[in-house]
$ cat model_20.cif   # mmCIF, C-alpha atoms (C1' of nucleotides)
data_query
loop_
_atom_site.label_atom_id
_atom_site.label_comp_id
_atom_site.auth_asym_id
_atom_site.auth_seq_id
_atom_site.Cartn_x
_atom_site.Cartn_y
_atom_site.Cartn_z
CA MET J 1 -110.22 -60.93 26.54
CA ARG J 2 -107.45 -63.12 27.85
CA PHE J 3 -109.62 -64.03 30.73
CA LEU J 4 -112.52 -65.16 28.60
CA ARG J 5 -110.33 -67.09 26.20
CA ALA J 6 -108.45 -68.76 28.98
CA HIS J 7 -111.63 -69.83 30.65
CA ALA J 8 -113.21 -71.23 27.52
CA ALA J 9 -110.14 -73.23 26.64
CA LEU J 10 -109.49 -74.54 30.12
CA THR J 11 -112.99 -75.57 30.99
CA ARG J 12 -113.43 -77.28 27.67
CA GLU J 13 -110.32 -79.31 28.26
CA LEU J 14 -110.90 -80.10 31.92
CA SER J 15 -114.54 -80.84 31.37
CA SER J 16 -114.00 -83.25 28.56
CA ARG J 17 -111.35 -85.15 30.47
CA LEU J 18 -113.54 -85.39 33.52
CA GLU J 19 -116.44 -86.46 31.40
CA ALA J 20 -114.46 -89.08 29.56
CA VAL J 21 -112.98 -90.74 32.61
CA HIS J 22 -115.64 -90.31 35.29
CA GLU J 23 -118.79 -89.28 33.47
CA LEU J 24 -118.98 -86.10 35.47
CA THR J 25 -119.52 -82.53 34.42
CA LEU J 26 -117.26 -79.86 35.80
CA SER J 27 -120.29 -78.57 37.66
CA ASP J 28 -121.09 -82.02 38.98
CA PHE J 29 -117.58 -82.32 40.26
CA ASP J 30 -117.75 -78.91 41.77
CA VAL J 31 -120.89 -79.76 43.68
CA LEU J 32 -119.51 -83.07 44.90
CA VAL J 33 -116.37 -81.37 46.17
CA GLN J 34 -118.38 -78.79 48.07
CA LEU J 35 -120.39 -81.52 49.72
CA TYR J 36 -117.30 -83.55 50.42
CA TYR J 37 -115.83 -80.77 52.48
CA ALA J 38 -119.07 -79.69 54.10
CA GLU J 39 -119.95 -80.54 57.66
CA ASN J 40 -121.57 -83.99 57.72
CA ARG J 41 -121.19 -83.98 53.96
CA ARG J 42 -124.48 -82.21 53.76
CA MET J 43 -125.61 -78.79 52.61
CA ARG J 44 -128.77 -76.85 52.06
CA ARG J 45 -129.49 -76.75 48.37
CA ILE J 46 -129.57 -72.99 48.31
CA ASP J 47 -126.16 -72.69 49.94
CA LEU J 48 -124.82 -75.21 47.53
CA ALA J 49 -126.17 -73.17 44.66
CA ARG J 50 -124.51 -70.03 45.90
CA SER J 51 -121.21 -71.68 46.54
CA VAL J 52 -120.90 -73.03 43.03
CA LEU J 53 -122.43 -69.92 41.51
CA LEU J 54 -125.49 -71.53 40.01
CA THR J 55 -129.08 -70.45 40.37
CA ALA J 56 -131.55 -72.36 42.46
CA SER J 57 -133.08 -73.94 39.41
CA GLY J 58 -129.69 -74.94 38.13
CA ILE J 59 -129.00 -76.83 41.33
CA THR J 60 -132.33 -78.58 41.26
CA ARG J 61 -131.65 -80.03 37.86
CA LEU J 62 -128.04 -80.79 38.50
CA LEU J 63 -128.91 -82.65 41.68
CA ASP J 64 -131.64 -84.53 39.85
CA GLY J 65 -128.91 -86.06 37.81
CA LEU J 66 -126.61 -86.83 40.71
CA GLU J 67 -129.50 -88.31 42.65
CA SER J 68 -130.49 -90.67 39.91
CA SER J 69 -126.85 -91.73 39.69
CA GLY J 70 -127.02 -92.43 43.40
CA LEU J 71 -124.18 -90.07 44.29
CA VAL J 72 -126.20 -87.75 46.49
CA GLY J 73 -129.42 -88.09 48.44
CA LYS J 74 -132.12 -85.79 49.68
CA GLU J 75 -132.96 -85.19 53.31
CA ARG J 76 -135.64 -83.04 54.82
CA CYS J 77 -134.87 -80.49 57.44
CA GLU J 78 -136.56 -80.96 60.82
CA SER J 79 -136.75 -77.37 61.85
CA ASP J 80 -137.67 -75.79 58.55
CA ALA J 81 -139.87 -77.59 56.09
CA ARG J 82 -138.84 -75.34 53.26
CA VAL J 83 -135.31 -76.57 53.06
CA THR J 84 -133.96 -79.81 51.71
CA TYR J 85 -130.45 -81.03 52.28
CA ALA J 86 -128.27 -82.58 49.67
CA VAL J 87 -126.19 -85.36 51.22
CA LEU J 88 -123.27 -87.18 49.75
CA THR J 89 -123.90 -90.93 49.68
CA ASP J 90 -121.18 -93.51 50.24
CA ALA J 91 -121.06 -94.02 46.53
CA GLY J 92 -120.68 -90.27 46.16
CA VAL J 93 -117.75 -90.23 48.54
CA ARG J 94 -116.03 -92.99 46.64
CA LYS J 95 -116.69 -91.25 43.37
CA ILE J 96 -115.24 -87.96 44.43
CA GLU J 97 -112.16 -89.48 45.99
CA GLU J 98 -111.58 -91.36 42.81
CA ALA J 99 -112.21 -88.42 40.50
CA ARG J 100 -110.28 -85.93 42.60
CA GLU J 101 -107.06 -87.68 41.84
CA SER J 102 -107.20 -87.49 38.10
CA HIS J 103 -108.74 -84.06 38.15
CA LEU J 104 -105.97 -82.67 40.28
CA ALA J 105 -103.48 -84.22 37.93
CA ASP J 106 -105.20 -82.53 35.02
CA ILE J 107 -105.14 -79.21 36.79
CA GLU J 108 -101.53 -79.69 37.67
CA GLU J 109 -100.77 -80.32 34.05
CA LEU J 110 -102.58 -77.24 32.77
CA PHE J 111 -101.79 -74.82 35.57
CA GLY J 112 -98.71 -76.25 37.16
CA ALA J 113 -96.62 -76.57 34.08
CA PRO J 114 -96.47 -72.97 32.93
CA PHE J 115 -96.23 -71.42 36.40
CA SER J 116 -94.01 -71.41 39.41
CA ARG J 117 -95.49 -71.76 42.88
CA GLU J 118 -95.17 -68.05 43.57
CA GLU J 119 -96.87 -67.20 40.33
CA LEU J 120 -99.76 -69.51 41.12
CA GLN J 121 -100.19 -67.80 44.44
CA GLN J 122 -100.03 -64.44 42.78
CA LEU J 123 -102.64 -65.44 40.27
CA ALA J 124 -104.93 -66.75 42.97
CA ASP J 125 -104.57 -63.56 44.99
CA LEU J 126 -105.36 -61.38 42.05
CA LEU J 127 -108.41 -63.38 41.10
CA ALA J 128 -109.63 -63.37 44.67
CA ARG J 129 -109.85 -59.62 44.58
CA LEU J 130 -112.37 -59.57 41.80
CA PRO J 131 -115.79 -58.50 42.93
CA LEU J 132 -118.56 -61.08 43.27
CA ALA J 133 -116.08 -63.90 43.41
CA HIS J 134 -116.46 -64.50 47.09
CA THR J 135 -117.61 -67.92 48.10
CA SER J 136 -117.03 -70.34 50.88
CA GLU J 137 -113.62 -71.89 51.20
CA ALA J 138 -112.57 -75.31 52.39
CA CYS J 139 -111.31 -76.63 49.14
CA SER J 140 -107.99 -77.77 47.84
CA ALA J 141 -108.41 -77.24 44.14
CA MET A 1 -111.50 -72.79 41.89
CA ARG A 2 -110.99 -69.08 42.06
CA PHE A 3 -110.66 -69.00 38.36
CA LEU A 4 -113.94 -70.74 37.72
CA ARG A 5 -115.79 -68.67 40.27
CA ALA A 6 -114.39 -65.45 38.99
CA HIS A 7 -115.35 -66.30 35.47
CA ALA A 8 -118.89 -67.29 36.35
CA ALA A 9 -119.48 -64.13 38.33
CA LEU A 10 -117.90 -61.76 35.85
CA THR A 11 -119.47 -63.10 32.72
CA ARG A 12 -122.87 -63.17 34.31
CA GLU A 13 -122.55 -59.55 35.26
CA LEU A 14 -121.01 -58.32 32.03
CA SER A 15 -123.35 -60.34 29.93
CA SER A 16 -126.48 -59.11 31.59
CA ARG A 17 -125.41 -55.49 31.32
CA LEU A 18 -124.56 -55.86 27.68
CA GLU A 19 -127.83 -57.61 27.07
CA ALA A 20 -129.85 -55.01 28.90
CA VAL A 21 -128.38 -52.00 27.14
CA HIS A 22 -127.55 -53.25 23.66
CA GLU A 23 -129.35 -56.57 23.29
CA LEU A 24 -126.09 -58.34 22.66
CA THR A 25 -124.65 -61.50 24.12
CA LEU A 26 -121.08 -61.49 25.31
CA SER A 27 -120.36 -63.85 22.43
CA ASP A 28 -122.13 -61.57 19.98
CA PHE A 29 -120.02 -58.71 21.18
CA ASP A 30 -116.92 -60.80 20.96
CA VAL A 31 -117.61 -61.71 17.35
CA LEU A 32 -118.41 -58.15 16.39
CA VAL A 33 -115.16 -56.93 17.91
CA GLN A 34 -113.16 -59.53 16.02
CA LEU A 35 -114.76 -58.43 12.78
CA TYR A 36 -114.30 -54.78 13.63
CA TYR A 37 -110.57 -55.20 13.85
CA ALA A 38 -110.24 -57.63 10.97
CA GLU A 39 -108.93 -56.59 7.60
CA ASN A 40 -111.80 -55.18 5.55
CA ARG A 41 -114.04 -56.03 8.49
CA ARG A 42 -114.43 -59.49 7.08
CA MET A 43 -113.41 -62.94 8.19
CA ARG A 44 -113.86 -66.53 7.17
CA ARG A 45 -116.42 -68.09 9.43
CA ILE A 46 -114.07 -70.82 10.48
CA ASP A 47 -111.37 -68.38 11.54
CA LEU A 48 -113.94 -66.40 13.42
CA ALA A 49 -115.00 -69.55 15.21
CA ARG A 50 -111.46 -70.35 16.25
CA SER A 51 -110.72 -66.85 17.39
CA VAL A 52 -113.65 -66.69 19.74
CA LEU A 53 -113.28 -70.31 20.79
CA LEU A 54 -116.57 -71.60 19.49
CA THR A 55 -117.21 -74.59 17.28
CA ALA A 56 -118.16 -74.22 13.64
CA SER A 57 -121.77 -74.95 14.39
CA GLY A 58 -121.77 -72.44 17.20
CA ILE A 59 -120.68 -69.73 14.79
CA THR A 60 -123.31 -70.66 12.25
CA ARG A 61 -126.08 -70.19 14.74
CA LEU A 62 -124.61 -67.10 16.31
CA LEU A 63 -124.20 -65.44 12.94
CA ASP A 64 -127.75 -66.42 12.01
CA GLY A 65 -128.85 -64.13 14.78
CA LEU A 66 -126.52 -61.28 13.88
CA GLU A 67 -127.50 -61.56 10.23
CA SER A 68 -131.18 -61.32 10.91
CA SER A 69 -130.45 -58.27 13.04
CA GLY A 70 -128.65 -56.82 10.06
CA LEU A 71 -125.33 -56.40 11.86
CA VAL A 72 -123.30 -58.72 9.68
CA GLY A 73 -123.69 -60.01 6.14
CA LYS A 74 -122.56 -63.05 4.19
CA GLU A 75 -120.24 -62.98 1.23
CA ARG A 76 -119.06 -65.83 -0.93
CA CYS A 77 -115.40 -66.40 -1.61
CA GLU A 78 -114.36 -66.22 -5.24
CA SER A 79 -111.46 -68.59 -5.07
CA ASP A 80 -112.91 -71.24 -2.82
CA ALA A 81 -116.58 -72.04 -2.96
CA ARG A 82 -116.49 -73.76 0.41
CA VAL A 83 -115.85 -70.65 2.41
CA THR A 84 -118.21 -67.87 3.29
CA TYR A 85 -117.13 -64.59 4.74
CA ALA A 86 -118.85 -62.81 7.56
CA VAL A 87 -118.77 -59.06 6.93
CA LEU A 88 -119.63 -56.30 9.33
CA THR A 89 -122.37 -54.08 7.90
CA ASP A 90 -122.53 -50.35 8.46
CA ALA A 91 -125.15 -50.96 11.08
CA GLY A 92 -122.79 -53.45 12.66
CA VAL A 93 -120.01 -50.89 12.77
CA ARG A 94 -122.28 -48.36 14.43
CA LYS A 95 -123.49 -50.96 16.88
CA ILE A 96 -120.06 -52.04 17.98
CA GLU A 97 -118.76 -48.51 18.36
CA GLU A 98 -121.75 -47.74 20.46
CA ALA A 99 -121.55 -50.86 22.60
CA ARG A 100 -117.80 -50.73 23.02
CA GLU A 101 -118.07 -47.63 25.08
CA SER A 102 -120.36 -48.93 27.75
CA HIS A 103 -118.75 -52.32 27.74
CA LEU A 104 -115.32 -50.87 28.35
CA ALA A 105 -116.78 -48.83 31.15
CA ASP A 106 -118.24 -51.97 32.68
CA ILE A 107 -114.93 -53.75 32.42
CA GLU A 108 -113.20 -50.78 33.91
CA GLU A 109 -115.57 -50.89 36.80
CA LEU A 110 -115.12 -54.59 37.48
CA PHE A 111 -111.45 -54.97 36.66
CA GLY A 112 -110.08 -51.51 37.05
CA ALA A 113 -111.37 -50.78 40.48
CA PRO A 114 -109.69 -53.53 42.46
CA PHE A 115 -106.41 -53.45 40.58
CA SER A 116 -103.60 -51.12 39.77
CA ARG A 117 -102.24 -50.84 36.26
CA GLU A 118 -99.24 -53.01 37.03
CA GLU A 119 -101.43 -55.65 38.56
CA LEU A 120 -103.65 -55.73 35.51
CA GLN A 121 -100.63 -56.22 33.33
CA GLN A 122 -99.40 -58.94 35.61
CA LEU A 123 -102.73 -60.71 35.49
CA ALA A 124 -102.85 -60.50 31.73
CA ASP A 125 -99.35 -61.88 31.42
CA LEU A 126 -100.09 -64.78 33.69
CA LEU A 127 -103.27 -65.69 31.86
CA ALA A 128 -101.54 -65.44 28.52
CA ARG A 129 -99.21 -68.22 29.55
CA LEU A 130 -101.98 -70.74 29.99
CA PRO A 131 -101.98 -73.39 27.34
CA LEU A 132 -104.61 -73.32 24.60
CA ALA A 133 -105.35 -69.70 25.26
CA HIS A 134 -103.67 -68.50 22.12
CA THR A 135 -105.78 -66.66 19.65
CA SER A 136 -105.36 -63.80 17.27
CA GLU A 137 -104.68 -60.42 18.72
CA ALA A 138 -105.69 -56.97 17.57
CA CYS A 139 -108.08 -56.15 20.32
CA SER A 140 -108.24 -53.50 22.92
CA ALA A 141 -110.39 -55.15 25.56
"C1'" DC W 1 -110.39 -88.53 -15.27
"C1'" DT W 2 -111.32 -90.88 -10.96
"C1'" DT W 3 -110.76 -91.65 -6.26
"C1'" DC W 4 -109.52 -90.46 -1.74
"C1'" DT W 5 -108.81 -87.38 1.91
"C1'" DA W 6 -109.27 -82.91 4.01
"C1'" DT W 7 -111.72 -78.66 4.74
"C1'" DA W 8 -115.89 -75.40 5.23
"C1'" DC W 9 -120.25 -75.16 6.50
"C1'" DT W 10 -125.10 -76.57 7.98
"C1'" DT W 11 -128.56 -79.14 10.46
"C1'" DG W 12 -130.87 -82.21 13.98
"C1'" DA W 13 -130.78 -83.80 18.54
"C1'" DG W 14 -129.49 -83.30 23.15
"C1'" DT W 15 -127.44 -80.81 27.31
"C1'" DT W 16 -126.82 -77.29 30.51
"C1'" DC W 17 -128.16 -73.50 32.14
"C1'" DG W 18 -131.03 -68.85 33.41
"C1'" DC W 19 -135.34 -66.37 34.05
"C1'" DA W 20 -139.98 -65.97 35.40
"C1'" DA W 21 -143.72 -67.85 37.70
"C1'" DG W 22 -145.84 -70.64 41.16
"C1'" DG W 23 -146.37 -73.38 45.49
"C1'" DA W 24 -145.16 -74.19 50.14
"C1'" DT W 25 -143.37 -72.69 54.44
"C1'" DC W 26 -141.66 -69.45 57.88
"C1'" DA W 27 -141.49 -65.05 60.54
"C1'" DT W 28 -143.25 -60.74 61.79
"C1'" DA W 29 -146.54 -57.19 62.82
"C1'" DG W 30 -150.91 -55.85 63.72
"C1'" DC H 1 -155.31 -65.37 64.52
"C1'" DT H 2 -154.40 -63.21 60.11
"C1'" DA H 3 -152.23 -60.68 56.66
"C1'" DT H 4 -147.75 -59.52 54.64
"C1'" DG H 5 -143.49 -60.37 53.10
"C1'" DA H 6 -139.46 -63.10 52.66
"C1'" DT H 7 -137.20 -67.61 51.70
"C1'" DC H 8 -136.64 -72.35 49.61
"C1'" DC H 9 -137.59 -75.09 46.02
"C1'" DT H 10 -139.51 -76.72 41.53
"C1'" DT H 11 -141.24 -76.35 36.72
"C1'" DG H 12 -142.11 -74.44 31.90
"C1'" DC H 13 -139.86 -72.19 28.56
"C1'" DG H 14 -136.24 -70.50 25.88
"C1'" DA H 15 -131.26 -69.44 24.83
"C1'" DA H 16 -126.61 -70.85 23.85
"C1'" DC H 17 -123.74 -74.46 22.94
"C1'" DT H 18 -121.75 -79.05 21.50
"C1'" DC H 19 -121.50 -83.38 19.01
"C1'" DA H 20 -122.41 -86.25 15.22
"C1'" DA H 21 -123.75 -86.64 10.72
"C1'" DG H 22 -124.46 -84.92 6.17
"C1'" DT H 23 -123.43 -81.87 1.95
"C1'" DA H 24 -120.41 -79.55 -1.06
"C1'" DT H 25 -116.00 -78.17 -2.61
"C1'" DA H 26 -110.76 -78.54 -3.06
"C1'" DG H 27 -106.52 -80.75 -3.80
"C1'" DA H 28 -103.55 -84.56 -4.49
"C1'" DA H 29 -102.41 -89.12 -6.14
"C1'" DG H 30 -103.06 -92.97 -9.12
#
$ encode --input "model_20.cif" --output "structure tokens"
Amino acid sequence: MRFLRAHAALTRELSSRLEAVHELTLSDFDVLVQLYYAENRRMRRIDLARSVLLTASGITRLLDGLESSGLVGKERCESDARVTYAVLTDAGVRKIEEARESHLADIEELFGAPFSREELQQLADLLARLPLAHTSEACSA
Amino acid sequence: MRFLRAHAALTRELSSRLEAVHELTLSDFDVLVQLYYAENRRMRRIDLARSVLLTASGITRLLDGLESSGLVGKERCESDARVTYAVLTDAGVRKIEEARESHLADIEELFGAPFSREELQQLADLLARLPLAHTSEACSA
DNA sequence: CTTCTATACTTGAGTTCGCAAGGATCATAG
DNA sequence: CTATGATCCTTGCGAACTCAAGTATAGAAG
């Protein structure tokens, strides 16, 4: 119960702040961050989907939006015509670097305030042990 | 990050199990449980909304569904014509008692397995300290 | 009594997603 | 080469929400 409540409250808050300041969804942000830390700032769409825990169709539509905003681009794969890469554009890089700052501040406010450093680590460790929650790393949030 | 991932994975899993066996959404279940533990198994719709962290309109539509399934009923308030109560029907009581069992087993499987009792308590305590996560109690999940 | 503000609820429109189905491509086995 | 099966992606449809706006009631203040 606590878990569900906490999630609903936190995402609502974080999402609305992100939306208000940068016109980004939490999911948008999530995808941009993944790309930002990916090699060559590029990922296969399917891997991207898995890493942010969306379905393939979810990613298609989400990227549609980011593409029309000019934050990411498409690129075909040479060796396998089935796959398409999502690539962060220069505008996308600027956007994420800009948004990261305020988002981290928001997180700090909501998570940092009530917890000590050790407690944060403890919380992260506990959550990491939940099944199904295993995704790629390389992220600072 | 871990928090968001964990939530996405867990709710997807729990929700689909609940849906498959009992034809209930996680939110449906949540509402039914709140009513189950409420005094006289009845609550003002607005309080229900706040306790499960939905908006007023969200509750209206959710209850529409539960009403047409015959699990909850409406009742007008004598002293204030603005408010309507949501009341658990007998069928609703049976439903929740039935669903509770398998849902608790699911939770046990996902949460119980990787954690010891102390760790679960620790996790709950940490989550409880998050801001905005304060809702009414009286729940065993 | 009237007016003004706050609260409870509903409804219409729009968003974000998942699922199922379909198309295209690859890889493997005969 | 061809058939089979898996993988990547997109699209139609529907579900679950939210927000904004509207209705109805309550309470307080003039």
$ closest_atom_pairs --input "model_20.cif" --of "chain J" --to "chain H" --cutoff "8 Å" --atoms "all atoms listed in the file" --output "Markdown table"
| residue | atom | partner | partner_atom | distance |
| --- | --- | --- | --- | --- |
| J:Ile46 | CA | H:DC8 | C1' | 7.2 |
| J:Ala56 | CA | H:DC9 | C1' | 7.5 |
| J:Ser57 | CA | H:DT10 | C1' | 7.3 |
| J:Thr60 | CA | H:DT10 | C1' | 7.4 |
| J:Arg82 | CA | H:DC8 | C1' | 5.2 |
| J:Val83 | CA | H:DC8 | C1' | 5.6 |
$ interface_residues --input "model_20.cif" --of "chain W" --to "chain J" --cutoff "10 Å" --atoms "only C-alpha atoms (C1' of nucleotides)" --output "count of residues only"
7
$ atom_distance --input "model_20.cif" --atom1 "atom CA of Glu101 of chain J" --atom2 "atom CA of Asp47 of chain J"
25.6 Å
$ closest_atom_pairs --input "model_20.cif" --of "chain J" --to "chain A" --cutoff "8 Å" --atoms "all atoms listed in the file" --output "JSON lines"
{"residue": "J:Met1", "atom": "CA", "partner": "A:Ala141", "partner_atom": "CA", "distance": 5.9}
{"residue": "J:Arg2", "atom": "CA", "partner": "A:Leu127", "partner_atom": "CA", "distance": 6.3}
{"residue": "J:Phe3", "atom": "CA", "partner": "A:Leu127", "partner_atom": "CA", "distance": 6.7}
{"residue": "J:Leu4", "atom": "CA", "partner": "A:His7", "partner_atom": "CA", "distance": 7.5}
{"residue": "J:Arg5", "atom": "CA", "partner": "A:Ala133", "partner_atom": "CA", "distance": 5.7}
{"residue": "J:Ala6", "atom": "CA", "partner": "A:Ala133", "partner_atom": "CA", "distance": 4.9}
{"residue": "J:His7", "atom": "CA", "partner": "A:His7", "partner_atom": "CA", "distance": 7.0}
{"residue": "J:Ala8", "atom": "CA", "partner": "A:Leu53", "partner_atom": "CA", "distance": 6.8}
{"residue": "J:Ala9", "atom": "CA", "partner": "A:Leu132", "partner_atom": "CA", "distance": 5.9}
{"residue": "J:Leu10", "atom": "CA", "partner": "A:Leu132", "partner_atom": "CA", "distance": 7.5}
{"residue": "J:Val52", "atom": "CA", "partner": "A:Arg5", "partner_atom": "CA", "distance": 7.3}
{"residue": "J:Leu53", "atom": "CA", "partner": "A:Ala8", "partner_atom": "CA", "distance": 6.8}
{"residue": "J:Leu110", "atom": "CA", "partner": "A:Pro131", "partner_atom": "CA", "distance": 6.7}
{"residue": "J:Phe111", "atom": "CA", "partner": "A:Leu130", "partner_atom": "CA", "distance": 6.9}
{"residue": "J:Pro114", "atom": "CA", "partner": "A:Arg129", "partner_atom": "CA", "distance": 6.4}
{"residue": "J:Glu119", "atom": "CA", "partner": "A:Leu126", "partner_atom": "CA", "distance": 7.8}
{"residue": "J:Leu123", "atom": "CA", "partner": "A:Leu123", "partner_atom": "CA", "distance": 6.7}
{"residue": "J:Ala124", "atom": "CA", "partner": "A:Arg2", "partner_atom": "CA", "distance": 6.6}
{"residue": "J:Leu126", "atom": "CA", "partner": "A:Leu123", "partner_atom": "CA", "distance": 7.1}
{"residue": "J:Leu127", "atom": "CA", "partner": "A:Arg2", "partner_atom": "CA", "distance": 6.3}
{"residue": "J:Ala128", "atom": "CA", "partner": "A:Arg2", "partner_atom": "CA", "distance": 6.4}
{"residue": "J:Arg129", "atom": "CA", "partner": "A:Pro114", "partner_atom": "CA", "distance": 6.5}
{"residue": "J:Leu130", "atom": "CA", "partner": "A:Pro114", "partner_atom": "CA", "distance": 6.6}
{"residue": "J:Pro131", "atom": "CA", "partner": "A:Leu110", "partner_atom": "CA", "distance": 6.7}
{"residue": "J:Leu132", "atom": "CA", "partner": "A:Ala9", "partner_atom": "CA", "distance": 5.9}
{"residue": "J:Ala133", "atom": "CA", "partner": "A:Ala6", "partner_atom": "CA", "distance": 5.0}
{"residue": "J:Ala141", "atom": "CA", "partner": "A:Met1", "partner_atom": "CA", "distance": 5.9}
$ atom_distance --input "model_20.cif" --atom1 "atom CA of Lys74 of chain J" --atom2 "atom CA of Ala20 of chain J"
27.0 Å
$ resolve_selection --input "model_20.cif" --expression "the PyMOL selection byres ((chain A and resi 17-19) around 10)" --output "MDAnalysis selection string"
chainID A and resid 11:16 20:26 28:29 99:100 102:103 106
$ axis_aligned_box --input "model_20.cif" --around "segment 12-29 of chain H" --padding-each-side "6 Å" --output "lines of an AutoDock Vina configuration file"
center_x = -122.3
center_y = -79.3
center_z = 12.9
size_x = 51.7
size_y = 31.7
size_z = 50.0
$ residues_around --input "model_20.cif" --residues "Val72 of chain J" --least-positions-apart "5" --cutoff "8 Å" --atoms "only C-alpha atoms (C1' of nucleotides)" --output "list in words"
Leu63, Leu66, Glu67, Ala86, Val87, Leu88, Thr89 and Gly92 of chain J
$ write_last_selection --input "model_20.cif" --atoms "C-alpha atoms" --output "PDB file, in the coordinates of the input"
ATOM      1  CA  LEU J  63    -128.910 -82.650  41.680  1.00  0.00           C
ATOM      2  CA  LEU J  66    -126.610 -86.830  40.710  1.00  0.00           C
ATOM      3  CA  GLU J  67    -129.500 -88.310  42.650  1.00  0.00           C
ATOM      4  CA  ALA J  86    -128.270 -82.580  49.670  1.00  0.00           C
ATOM      5  CA  VAL J  87    -126.190 -85.360  51.220  1.00  0.00           C
ATOM      6  CA  LEU J  88    -123.270 -87.180  49.750  1.00  0.00           C
ATOM      7  CA  THR J  89    -123.900 -90.930  49.680  1.00  0.00           C
ATOM      8  CA  GLY J  92    -120.680 -90.270  46.160  1.00  0.00           C
TER       9      GLY J  92
END
$ atom_distance --input "model_20.cif" --atom1 "atom C1' of DT3 of chain W" --atom2 "atom CA of Cys77 of chain A"
26.1 Å
$ residues_near_point --input "model_20.cif" --point "(-113.1, -68.5, 6.3)" --cutoff "8 Å" --atoms "only C-alpha atoms (C1' of nucleotides)" --output "PyMOL selection string"
(chain A and resi 43-48+83-85) or (chain W and resi 8)
